[in-house]
Amino acid sequence: MTGCAKNGWVLGHLGINVPDLAAAKKYYDGLMPLVGFEPFFAADDQFSYRPAGGKPGTFLFVYAATEEGGYSRRRTGLQHLAFSVRTRSAVDAVHAHVVARGDEVLHPPRHWPEYPPPYYATFWLDPFGFMLEAVCHRDAD
């Protein structure tokens, strides 16, 4: 599952645990095509996505949590997942999808001058409290 990108090796995959695998699959099946991913495989206890069209990149695996307890991005562990998209309009499309679903938007799309430019992004929470980001590192669409 790892591959060599033009600028070097990429992280092979990330895995996250969720308390409701079926709800997570429904949620991420709607989101992932908007951020350039396609289904990789699904089983009773997990599902996953890969970069669409055979592009190099990190796969995302989602597992059923086997222990009780809530997630917090403020504790040690995963802080957030950022999905790089090709255009600012793709960031806006993800934001529209998130708003239509009624997800909690932390930051609507905007330029972030405090990060290395160009940085146009939106941030929101998924149904399990994971902070997600769609970001474009280009000035033009």
# chains A, B, ... in the order shown; residues from 1 in each chain; ligands from 1
>>> residues_around(residues="segment 14-27 of chain A", least_positions_apart="3", cutoff="9 Å", atoms="only C-alpha atoms", output="PyMOL selection string")
chain A and resi 11+30-32+44-48+58-71+78+126-128
>>> write_last_selection(atoms="N, CA and C atoms", output="short mmCIF file (atom, residue, chain, number, x, y, z; two decimals), in the first residue's frame")
data_model
loop_
_atom_site.label_atom_id
_atom_site.label_comp_id
_atom_site.auth_asym_id
_atom_site.auth_seq_id
_atom_site.Cartn_x
_atom_site.Cartn_y
_atom_site.Cartn_z
N LEU A 11 3.50 8.29 3.35
CA LEU A 11 3.01 7.50 4.47
C LEU A 11 2.05 6.46 3.91
N GLY A 30 -19.69 9.27 1.50
CA GLY A 30 -20.14 10.52 0.89
C GLY A 30 -19.05 11.55 0.77
N LEU A 31 -18.12 11.55 1.72
CA LEU A 31 -17.07 12.57 1.77
C LEU A 31 -15.87 12.24 0.90
N MET A 32 -15.39 11.02 0.95
CA MET A 32 -14.09 10.71 0.37
C MET A 32 -13.96 10.98 -1.14
N ASP A 44 -16.33 -6.87 7.58
CA ASP A 44 -17.24 -6.67 8.71
C ASP A 44 -16.68 -5.77 9.80
N ASP A 45 -15.35 -5.75 9.94
CA ASP A 45 -14.74 -5.02 11.05
C ASP A 45 -13.90 -3.82 10.62
N GLN A 46 -13.92 -3.47 9.32
CA GLN A 46 -13.12 -2.34 8.84
C GLN A 46 -13.50 -2.00 7.40
N PHE A 47 -13.12 -0.81 6.98
CA PHE A 47 -13.21 -0.41 5.58
C PHE A 47 -12.10 0.59 5.32
N SER A 48 -11.83 0.86 4.05
CA SER A 48 -10.70 1.72 3.75
C SER A 48 -10.89 2.43 2.42
N THR A 58 -1.53 8.43 0.82
CA THR A 58 -1.81 7.69 2.04
C THR A 58 -3.21 7.10 2.01
N PHE A 59 -3.33 5.83 2.34
CA PHE A 59 -4.63 5.17 2.45
C PHE A 59 -5.21 5.48 3.83
N LEU A 60 -6.54 5.45 3.94
CA LEU A 60 -7.21 5.66 5.22
C LEU A 60 -8.02 4.42 5.56
N PHE A 61 -7.74 3.83 6.72
CA PHE A 61 -8.46 2.66 7.22
C PHE A 61 -9.32 3.09 8.40
N VAL A 62 -10.54 2.56 8.45
CA VAL A 62 -11.46 2.88 9.54
C VAL A 62 -11.85 1.56 10.20
N TYR A 63 -11.67 1.48 11.51
CA TYR A 63 -11.90 0.26 12.27
C TYR A 63 -12.99 0.48 13.32
N ALA A 64 -13.65 -0.59 13.70
CA ALA A 64 -14.60 -0.54 14.81
C ALA A 64 -13.81 -0.46 16.11
N ALA A 65 -14.13 0.53 16.94
CA ALA A 65 -13.48 0.64 18.25
C ALA A 65 -13.88 -0.56 19.10
N THR A 66 -12.91 -1.10 19.82
CA THR A 66 -13.18 -2.26 20.67
C THR A 66 -13.17 -1.91 22.15
N GLU A 67 -12.94 -0.63 22.47
CA GLU A 67 -12.98 -0.16 23.84
C GLU A 67 -13.84 1.09 23.91
N GLU A 68 -14.54 1.27 25.02
CA GLU A 68 -15.36 2.46 25.25
C GLU A 68 -14.45 3.67 25.47
N GLY A 69 -14.98 4.83 25.22
CA GLY A 69 -14.25 6.06 25.49
C GLY A 69 -14.36 7.01 24.32
N GLY A 70 -14.48 8.27 24.63
CA GLY A 70 -14.62 9.28 23.60
C GLY A 70 -13.29 9.76 23.08
N TYR A 71 -13.34 10.39 21.94
CA TYR A 71 -12.16 10.95 21.29
C TYR A 71 -12.07 12.43 21.61
N LEU A 78 -4.19 11.64 17.79
CA LEU A 78 -4.56 12.29 16.54
C LEU A 78 -5.18 13.66 16.80
N ASP A 126 -16.29 15.54 12.10
CA ASP A 126 -17.10 14.42 11.60
C ASP A 126 -18.05 13.99 12.72
N PRO A 127 -18.94 13.02 12.48
CA PRO A 127 -19.91 12.64 13.52
C PRO A 127 -19.30 12.09 14.80
N PHE A 128 -18.02 11.74 14.77
CA PHE A 128 -17.37 11.14 15.94
C PHE A 128 -16.43 12.11 16.63
#
>>> residues_around(residues="Thr122 of chain A", least_positions_apart="5", cutoff="12 Å", atoms="only C-alpha atoms", output="mmCIF file with C-alpha atoms, in the first residue's frame")
data_model
loop_
_atom_site.group_PDB
_atom_site.id
_atom_site.type_symbol
_atom_site.label_atom_id
_atom_site.label_comp_id
_atom_site.auth_asym_id
_atom_site.auth_seq_id
_atom_site.Cartn_x
_atom_site.Cartn_y
_atom_site.Cartn_z
ATOM 1 C CA LEU A 81 -6.753 14.793 9.295
ATOM 2 C CA ALA A 82 -6.120 17.175 6.392
ATOM 3 C CA PHE A 83 -7.107 16.250 2.850
ATOM 4 C CA SER A 84 -5.241 18.118 0.111
ATOM 5 C CA VAL A 85 -7.467 18.968 -2.838
ATOM 6 C CA ARG A 88 -10.074 26.188 -3.996
ATOM 7 C CA SER A 89 -13.460 25.364 -5.521
ATOM 8 C CA ALA A 90 -12.959 21.779 -4.281
ATOM 9 C CA VAL A 91 -12.512 23.179 -0.754
ATOM 10 C CA ASP A 92 -15.744 25.126 -1.239
ATOM 11 C CA ALA A 93 -17.530 21.981 -2.515
ATOM 12 C CA VAL A 94 -16.437 20.000 0.551
ATOM 13 C CA HIS A 95 -17.652 22.832 2.765
ATOM 14 C CA ALA A 96 -21.044 22.836 0.996
ATOM 15 C CA HIS A 97 -21.301 19.052 1.525
ATOM 16 C CA VAL A 98 -20.461 19.401 5.221
ATOM 17 C CA VAL A 99 -22.982 22.210 5.719
ATOM 18 C CA GLU A 104 -20.224 21.268 12.878
ATOM 19 C CA VAL A 105 -18.093 23.703 10.886
ATOM 20 C CA LEU A 106 -15.159 25.005 12.897
ATOM 21 C CA HIS A 107 -13.825 27.344 10.188
ATOM 22 C CA PRO A 108 -15.498 28.086 6.858
ATOM 23 C CA PRO A 109 -13.260 28.263 3.777
ATOM 24 C CA ARG A 110 -10.748 31.085 3.873
ATOM 25 C CA HIS A 111 -7.119 31.950 3.306
ATOM 26 C CA TRP A 112 -4.919 31.280 6.319
ATOM 27 C CA MET A 131 -11.455 17.331 13.153
ATOM 28 C CA LEU A 132 -11.139 17.178 9.381
ATOM 29 C CA GLU A 133 -9.710 19.706 6.947
ATOM 30 C CA ALA A 134 -9.883 20.224 3.201
ATOM 31 C CA VAL A 135 -6.965 22.366 2.021
ATOM 32 C CA CYS A 136 -5.734 23.716 -1.304
#
>>> atom_distance(atom1="atom CA of Pro56 of chain A", atom2="atom CA of Glu38 of chain A")
12.5 Å
>>> select_by_dssp(residues="segment 12-132 of chain A", states="strand (DSSP E or B)", output="ChimeraX atom specification")
/A:13-18,37-43,46-51,59-64,81-84,105-111,120-125,131-132
>>> atom_distance(atom1="atom CA of Tyr115 of chain A", atom2="atom CA of Phe37 of chain A")
24.9 Å
>>> closest_residue(among="A:Asp141, A:Pro33, A:Ser72, A:Arg101", to="Tyr49 of chain A", atoms="only C-alpha atoms")
A:Pro33
>>> closest_residue(among="A:Asp29, A:Phe130, A:Phe123, A:Arg74", to="Phe41 of chain A", atoms="only C-alpha atoms")
A:Asp29
>>> select_by_dssp(residues="segment 73-116 of chain A", states="alpha helix (DSSP H)", output="list in words")
Arg88, Ser89, Ala90, Val91, Asp92, Ala93, Val94, His95, Ala96, His97, Val98, Val99, Ala100 and Arg101 of chain A
>>> write_last_selection(atoms="N, CA and C atoms", output="tab-separated table (two decimals), in the first residue's frame")
chain	number	residue	atom	x	y	z
A	88	ARG	N	-9.32	25.51	-5.05
A	88	ARG	CA	-10.07	26.19	-4.00
A	88	ARG	C	-11.57	25.89	-4.12
A	89	SER	N	-12.04	25.71	-5.35
A	89	SER	CA	-13.46	25.36	-5.52
A	89	SER	C	-13.76	23.99	-4.94
A	90	ALA	N	-12.77	23.09	-4.92
A	90	ALA	CA	-12.96	21.78	-4.28
A	90	ALA	C	-13.11	21.95	-2.76
A	91	VAL	N	-12.35	22.87	-2.18
A	91	VAL	CA	-12.51	23.18	-0.75
A	91	VAL	C	-13.93	23.69	-0.52
A	92	ASP	N	-14.39	24.58	-1.38
A	92	ASP	CA	-15.74	25.13	-1.24
A	92	ASP	C	-16.80	24.03	-1.40
A	93	ALA	N	-16.58	23.08	-2.31
A	93	ALA	CA	-17.53	21.98	-2.52
A	93	ALA	C	-17.59	21.07	-1.29
A	94	VAL	N	-16.45	20.80	-0.68
A	94	VAL	CA	-16.44	20.00	0.55
A	94	VAL	C	-17.20	20.75	1.64
A	95	HIS	N	-16.95	22.03	1.76
A	95	HIS	CA	-17.65	22.83	2.77
A	95	HIS	C	-19.17	22.77	2.54
A	96	ALA	N	-19.61	22.90	1.30
A	96	ALA	CA	-21.04	22.84	1.00
A	96	ALA	C	-21.62	21.47	1.39
A	97	HIS	N	-20.88	20.41	1.14
A	97	HIS	CA	-21.30	19.05	1.52
A	97	HIS	C	-21.45	18.94	3.04
A	98	VAL	N	-20.47	19.45	3.76
A	98	VAL	CA	-20.46	19.40	5.22
A	98	VAL	C	-21.64	20.20	5.79
A	99	VAL	N	-21.87	21.37	5.26
A	99	VAL	CA	-22.98	22.21	5.72
A	99	VAL	C	-24.32	21.52	5.43
A	100	ALA	N	-24.45	20.95	4.23
A	100	ALA	CA	-25.70	20.27	3.86
A	100	ALA	C	-25.99	19.09	4.79
A	101	ARG	N	-24.95	18.44	5.28
A	101	ARG	CA	-25.11	17.32	6.22
A	101	ARG	C	-25.45	17.79	7.63
